[in-house]
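Pasting structure-v6.cif here (mmCIF, N, CA and C atoms):
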```cif
data_final
loop_
_atom_site.label_atom_id
_atom_site.label_comp_id
_atom_site.auth_asym_id
_atom_site.auth_seq_id
_atom_site.Cartn_x
_atom_site.Cartn_y
_atom_site.Cartn_z
N MET A 1 122.50 98.78 80.95
CA MET A 1 121.09 98.62 80.77
C MET A 1 120.48 97.83 81.94
N LYS A 2 121.18 96.77 82.34
CA LYS A 2 120.68 95.95 83.44
C LYS A 2 120.68 96.75 84.74
N MET A 3 121.67 97.60 84.92
CA MET A 3 121.77 98.42 86.12
C MET A 3 120.58 99.36 86.22
N ARG A 4 120.18 99.92 85.09
CA ARG A 4 119.04 100.85 85.07
C ARG A 4 117.74 100.12 85.44
N GLU A 5 117.56 98.91 84.94
CA GLU A 5 116.37 98.12 85.26
C GLU A 5 116.32 97.79 86.74
N GLU A 6 117.47 97.44 87.31
CA GLU A 6 117.54 97.14 88.74
C GLU A 6 117.22 98.39 89.56
N ASP A 7 117.71 99.53 89.11
CA ASP A 7 117.46 100.79 89.80
C ASP A 7 115.97 101.13 89.76
N GLU A 8 115.33 100.95 88.62
CA GLU A 8 113.90 101.22 88.50
C GLU A 8 113.09 100.28 89.39
N ALA A 9 113.48 99.00 89.43
CA ALA A 9 112.78 98.04 90.29
C ALA A 9 112.93 98.43 91.75
N PHE A 10 114.10 98.89 92.14
CA PHE A 10 114.34 99.31 93.52
C PHE A 10 113.49 100.54 93.86
N LYS A 11 113.42 101.50 92.95
CA LYS A 11 112.61 102.69 93.18
C LYS A 11 111.13 102.34 93.33
N LYS A 12 110.64 101.40 92.51
CA LYS A 12 109.25 100.96 92.60
C LYS A 12 108.99 100.29 93.95
N LYS A 13 109.95 99.50 94.40
CA LYS A 13 109.80 98.81 95.69
C LYS A 13 109.74 99.83 96.83
N LEU A 14 110.59 100.85 96.78
CA LEU A 14 110.56 101.90 97.80
C LEU A 14 109.24 102.66 97.79
N ALA A 15 108.72 102.94 96.60
CA ALA A 15 107.45 103.64 96.49
C ALA A 15 106.32 102.79 97.07
N ASP A 16 106.35 101.49 96.85
CA ASP A 16 105.34 100.60 97.42
C ASP A 16 105.41 100.58 98.94
N ILE A 17 106.61 100.56 99.47
CA ILE A 17 106.77 100.56 100.93
C ILE A 17 106.23 101.86 101.52
N LYS A 18 106.55 102.99 100.90
CA LYS A 18 106.05 104.27 101.39
C LYS A 18 104.53 104.34 101.31
N ARG A 19 103.96 103.84 100.22
CA ARG A 19 102.52 103.84 100.06
C ARG A 19 101.85 102.98 101.13
N ARG A 20 102.43 101.83 101.42
CA ARG A 20 101.90 100.94 102.45
C ARG A 20 101.94 101.61 103.82
N LYS A 21 103.04 102.29 104.11
CA LYS A 21 103.16 102.99 105.40
C LYS A 21 102.12 104.10 105.53
N MET A 22 101.87 104.81 104.44
CA MET A 22 100.87 105.87 104.49
C MET A 22 99.48 105.30 104.68
N LEU A 23 99.17 104.17 104.07
CA LEU A 23 97.88 103.53 104.27
C LEU A 23 97.70 103.09 105.72
N ILE A 24 98.76 102.55 106.30
CA ILE A 24 98.72 102.17 107.72
C ILE A 24 98.49 103.40 108.58
N THR A 25 99.18 104.48 108.25
CA THR A 25 99.04 105.72 109.01
C THR A 25 97.61 106.23 108.95
N VAL A 26 97.03 106.25 107.77
CA VAL A 26 95.66 106.73 107.62
C VAL A 26 94.70 105.83 108.40
N ALA A 27 94.91 104.52 108.34
CA ALA A 27 94.05 103.59 109.06
C ALA A 27 94.15 103.82 110.57
N VAL A 28 95.35 104.05 111.07
CA VAL A 28 95.53 104.30 112.50
C VAL A 28 94.85 105.60 112.90
N ILE A 29 95.01 106.64 112.10
CA ILE A 29 94.39 107.92 112.41
C ILE A 29 92.87 107.79 112.42
N ILE A 30 92.31 107.10 111.44
CA ILE A 30 90.87 106.90 111.40
C ILE A 30 90.41 106.07 112.60
N GLY A 31 91.15 105.03 112.92
CA GLY A 31 90.80 104.18 114.05
C GLY A 31 90.83 104.94 115.37
N VAL A 32 91.86 105.73 115.57
CA VAL A 32 91.95 106.51 116.81
C VAL A 32 90.85 107.56 116.88
N THR A 33 90.56 108.20 115.76
CA THR A 33 89.51 109.21 115.74
C THR A 33 88.15 108.58 116.08
N ILE A 34 87.87 107.41 115.53
CA ILE A 34 86.62 106.72 115.86
C ILE A 34 86.61 106.32 117.33
N PHE A 35 87.74 105.84 117.82
CA PHE A 35 87.83 105.36 119.20
C PHE A 35 87.56 106.47 120.21
N VAL A 36 88.07 107.67 119.94
CA VAL A 36 87.92 108.77 120.90
C VAL A 36 86.82 109.73 120.50
N ASN A 37 86.02 109.38 119.50
CA ASN A 37 84.88 110.18 119.06
C ASN A 37 85.26 111.59 118.62
N GLY A 38 86.46 111.78 118.14
CA GLY A 38 86.87 113.06 117.56
C GLY A 38 86.97 114.22 118.54
N ASN A 39 87.20 113.97 119.81
CA ASN A 39 87.31 115.07 120.77
C ASN A 39 88.75 115.56 120.90
N ALA A 40 88.99 116.48 121.80
CA ALA A 40 90.33 117.08 121.95
C ALA A 40 91.36 116.03 122.36
N GLY A 41 90.95 115.05 123.13
CA GLY A 41 91.86 113.97 123.52
C GLY A 41 92.36 113.21 122.31
N GLY A 42 91.48 113.04 121.33
CA GLY A 42 91.86 112.35 120.11
C GLY A 42 92.92 113.09 119.33
N VAL A 43 92.79 114.39 119.29
CA VAL A 43 93.79 115.22 118.60
C VAL A 43 95.14 115.08 119.30
N PHE A 44 95.12 115.08 120.62
CA PHE A 44 96.35 114.94 121.40
C PHE A 44 96.99 113.57 121.14
N ILE A 45 96.18 112.51 121.11
CA ILE A 45 96.70 111.17 120.85
C ILE A 45 97.30 111.09 119.45
N LEU A 46 96.62 111.69 118.47
CA LEU A 46 97.16 111.69 117.11
C LEU A 46 98.49 112.44 117.03
N PHE A 47 98.58 113.54 117.77
CA PHE A 47 99.84 114.29 117.80
C PHE A 47 100.96 113.43 118.39
N ILE A 48 100.66 112.73 119.47
CA ILE A 48 101.67 111.86 120.11
C ILE A 48 102.09 110.76 119.14
N LEU A 49 101.11 110.15 118.45
CA LEU A 49 101.45 109.11 117.48
C LEU A 49 102.32 109.66 116.36
N TYR A 50 102.02 110.85 115.91
CA TYR A 50 102.82 111.46 114.85
C TYR A 50 104.25 111.70 115.31
N VAL A 51 104.40 112.23 116.54
CA VAL A 51 105.74 112.51 117.06
C VAL A 51 106.53 111.21 117.23
N ILE A 52 105.89 110.18 117.78
CA ILE A 52 106.57 108.90 117.96
C ILE A 52 106.97 108.33 116.60
N GLY A 53 106.07 108.40 115.63
CA GLY A 53 106.39 107.91 114.30
C GLY A 53 107.53 108.66 113.65
N THR A 54 107.60 109.95 113.89
CA THR A 54 108.68 110.75 113.35
C THR A 54 110.01 110.38 114.00
N VAL A 55 109.98 110.20 115.30
CA VAL A 55 111.22 109.87 116.03
C VAL A 55 111.79 108.53 115.60
N ILE A 56 110.93 107.53 115.42
CA ILE A 56 111.45 106.21 115.03
C ILE A 56 111.66 106.08 113.53
N GLY A 57 111.31 107.14 112.79
CA GLY A 57 111.56 107.13 111.35
C GLY A 57 110.51 106.41 110.54
N PHE A 58 109.31 106.25 111.08
CA PHE A 58 108.26 105.51 110.38
C PHE A 58 107.79 106.24 109.14
N TRP A 59 107.77 107.55 109.16
CA TRP A 59 107.24 108.32 108.03
C TRP A 59 108.24 108.45 106.90
N ASN A 60 109.48 108.09 107.10
CA ASN A 60 110.52 108.27 106.08
C ASN A 60 110.40 107.27 104.97
#
```
Written as structure tokens, that's how I'd like the structure from this file.
Amino acid sequence: MKMREEDEAFKKKLADIKRRKMLITVAVIIGVTIFVNGNAGGVFILFILYVIGTVIGFWN
């Protein structure tokens, strides 16, 4: 029973971490879009950020 409670607490902690990372991601995307006024350069920068985040495992 105690093992199950610990497992549930661990899963909740992982979900919170993932949620926090997604909020940071959305904030960065919004910030970059505002910074570059939504032009083609902004799309390119967002793509680069996404690739870098994927490579370092940020989205996992």
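The two atoms in question, CA of Phe47 in chain A and CA of Thr33 in chain A, are spaced 11.7 Å apart.
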Quiz prompt | Two-atom distance - CA of Phe35 in chain A, CA of Leu49 in chain A (Å) | solution =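 Distance between the two atoms: 14.2 Å.
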Exercise. Figure out the distance between atom N of Arg19 in chain A and atom N of Asp7 in chain A, please, to one decimal in Å.
Key: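 We find that atom N of Asp7 in chain A and atom N of Arg19 in chain A lie 18.2 Å from each other.
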Quiz item: Could you pull out the alpha helix (DSSP H) residues of chain A from DSSP and send them as a PyMOL selection string?
Solution: chain A and resi 2-35+40-55
Quiz item: Do you know which residues are at most 8 Å from Val32 in chain A counting only C-alpha atoms, after dropping those on the same chain fewer than 4 positions away, and could you put them as a ChimeraX atom specification?
Solution: /A:28,36,42,45-46
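With only C-alpha atoms as the atoms that count, the minimum distance from Gly53 in chain A to the choices A:Met22, A:Ala9, A:Leu14, A:Met3 is reached by A:Met22.
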